[in-house]
Amino acid sequence: MPLPASTVDLHAHSTASDGTLAPDALVAAAAAAGVRSFALTDHDTVDGLDAAAQAAQSHGLRLVPGVELSVNCAQKTLHVVGLGIDPACATLTDGLRQQQVRREHRAASIATKLEMLGVSDALDKAAALAGGGQITRTHFARLLVAEGRCKSLKKAFERYLGAGKPAYAGVEWATLDEAIRWIHAAGGRAVLAHPLHYKLSSGGRERVYAAFRDAGGDAIEVCSGNSSVADAARLADDARRHGLRASIGSDFHGPEQVWLGLGRLLPPPPDLEPVWHAPGWAD
Ligand code: AMP
Ligand code: MN
Ligand code: MN
Ligand code: MN
């Protein structure tokens with residue numbers, strides 16, 4: 001069943017990382033979908049925010065400046081979305097630079113592994129697909145699909161790029177404490193992204209919530225673009241029990257993801273405090 005249309009969507013990607021729409025086209029698509037408060041949250045970069053802010057002005061929607069940080073916690077990579085950040089904050093930009101160097105090193109390692117598996121010039125090709133934006137595993141997945149080695153991005157992760165697979169390269173990302181500190185230094189709110197995506201047991205998820213709260217985290221995403229109604233109810237309950245605010249975000253990467261849409265999100269239950277209840281974030 002498709003999720004309802006929401007005027008709030010606080011998680012999406014542009015060509016500054018692994019989205020397929022440029023920031024201005026993404027904002028235009030969000031406005032066309034009826035979104036009024038929108039966050040661009042590219043992986044470990046704020047490079048798309050200026051263009052997105054300009055487009056938001058011309059489309060009359062509110063742009064909440066955002067970023068999605070990769071973090072190591074409990075032997076997993078977690079994603080923490082920062083919302084309402086000042087992209088010029090030096091603490092944040094220094095942290096992003098570290099993350100970007102980690103991405104560059106990891107891209108080289110992935111490429112070396114792929115070349116041993118017979119994919120030639122993998123780094124140059126992935127960089128070309130990234131078009132100057134951050135190189136992510138999504139770009140390597142797109143390369144594997146383009147070269148006919150995999151039928152879908154999902155298969156590319158299952159066969160090559162997922163944790164423990166032959167072209168996987170681990171990264172020492174920021175710690176949870178660092179990432180939340182950078183977001184708070186930039187005046188933002190820290191949101192644990194898509195808590196059901198981490199292949200955690202329910203006990204493991206509880207420990208992640210506790211660590212996130214202890215590190216000063218503010219909110220969790222209680223609905224993502226591919227959440228079921230049951231998932232959203234479970235996540236709302238998690239937010240309630242841990243005293244965290246609620247965010248919602250599609251995690252849109254482009255129109256080719258036909259199974260999800262900008263702003264197709266369930267609103268949080270009324271007893272939860274929405275993370276976007278802040279001056280200037282929403283109508
Ligand atoms: P990275 O931050 O470079 O490790 O790339 C992570 C990104 O890969 C995520 O943000 C998703 O966009 C994408 N991704 C991860 N797992 C999958 C999957 N199973 N299928 C498709 N895309 C995925
Ligand atoms: Mn992504
Ligand atoms: Mn994510
Ligand atoms: Mn995302």
# chains A, B, ... in the order shown; residues from 1 in each chain; ligands from 1
>>> residues_around(residues="A:Gly216", least_positions_apart="5", cutoff="10 Å", atoms="only C-alpha atoms", output="ChimeraX atom specification")
/A:176-177,180-181,184,189-190,210-211
>>> residues_around(residues="stretch 79-91 of chain A", least_positions_apart="5", cutoff="7 Å", atoms="only C-alpha atoms", output="VMD selection string")
chain A and resid 41 46 64 to 71 182 to 183 185 to 193
>>> atom_distance(atom1="atom CA of A:Gly261", atom2="atom CA of A:Leu3")
9.0 Å
>>> closest_residue(among="A:Gly204, A:Pro195, A:Pro23, A:Gly34", to="A:Ala74", atoms="only C-alpha atoms")
A:Gly204
>>> closest_atom_pairs(of="chain A", to="ligand 1", cutoff="7 Å", atoms="only C-alpha atoms and all ligand atoms", output="JSON lines")
{"residue": "A:Asp18", "atom": "CA", "partner": "ligand 1", "partner_atom_place_in_ligand_line": "12 (O)", "distance": 6.5}
{"residue": "A:His43", "atom": "CA", "partner": "ligand 1", "partner_atom_place_in_ligand_line": "2 (O)", "distance": 6.4}
{"residue": "A:Ser70", "atom": "CA", "partner": "ligand 1", "partner_atom_place_in_ligand_line": "2 (O)", "distance": 6.5}
{"residue": "A:Ile135", "atom": "CA", "partner": "ligand 1", "partner_atom_place_in_ligand_line": "3 (O)", "distance": 6.6}
{"residue": "A:Thr136", "atom": "CA", "partner": "ligand 1", "partner_atom_place_in_ligand_line": "3 (O)", "distance": 3.2}
{"residue": "A:Arg137", "atom": "CA", "partner": "ligand 1", "partner_atom_place_in_ligand_line": "3 (O)", "distance": 4.0}
{"residue": "A:Thr138", "atom": "CA", "partner": "ligand 1", "partner_atom_place_in_ligand_line": "8 (O)", "distance": 4.7}
{"residue": "A:Leu153", "atom": "CA", "partner": "ligand 1", "partner_atom_place_in_ligand_line": "21 (C)", "distance": 4.9}
{"residue": "A:Lys154", "atom": "CA", "partner": "ligand 1", "partner_atom_place_in_ligand_line": "20 (N)", "distance": 3.7}
{"residue": "A:Phe157", "atom": "CA", "partner": "ligand 1", "partner_atom_place_in_ligand_line": "19 (N)", "distance": 5.1}
{"residue": "A:Glu158", "atom": "CA", "partner": "ligand 1", "partner_atom_place_in_ligand_line": "19 (N)", "distance": 6.6}
{"residue": "A:Gly162", "atom": "CA", "partner": "ligand 1", "partner_atom_place_in_ligand_line": "16 (N)", "distance": 6.8}
{"residue": "A:His253", "atom": "CA", "partner": "ligand 1", "partner_atom_place_in_ligand_line": "12 (O)", "distance": 7.0}
>>> write_last_selection(atoms="C-alpha atoms", output="PDB file, in the first residue's frame")
ATOM      1  CA  ASP A  18      24.726   9.007  -4.573  1.00  0.00           C
ATOM      2  CA  HIS A  43      26.549  11.362   2.379  1.00  0.00           C
ATOM      3  CA  SER A  70      28.586   7.423   8.302  1.00  0.00           C
ATOM      4  CA  ILE A 135      32.157   8.334  -4.333  1.00  0.00           C
ATOM      5  CA  THR A 136      29.902   5.836  -2.610  1.00  0.00           C
ATOM      6  CA  ARG A 137      29.343   2.108  -2.894  1.00  0.00           C
ATOM      7  CA  THR A 138      26.235   2.987  -4.902  1.00  0.00           C
ATOM      8  CA  LEU A 153      21.998  -2.493  -7.360  1.00  0.00           C
ATOM      9  CA  LYS A 154      20.614  -4.802  -4.699  1.00  0.00           C
ATOM     10  CA  PHE A 157      25.498  -5.333  -2.820  1.00  0.00           C
ATOM     11  CA  GLU A 158      24.551  -8.968  -2.205  1.00  0.00           C
ATOM     12  CA  GLY A 162      27.926  -5.670   1.107  1.00  0.00           C
ATOM     13  CA  HIS A 253      18.030   8.679  -4.359  1.00  0.00           C
TER      14      HIS A 253
END
>>> closest_residue(among="A:Ser37, A:Gln100, A:Gln75, A:Ser17", to="A:Val208", atoms="only C-alpha atoms")
A:Gln75
>>> closest_residue(among="A:Ala215, A:Ala16, A:Val275, A:Ala107", to="A:Tyr168", atoms="only C-alpha atoms")
A:Ala107
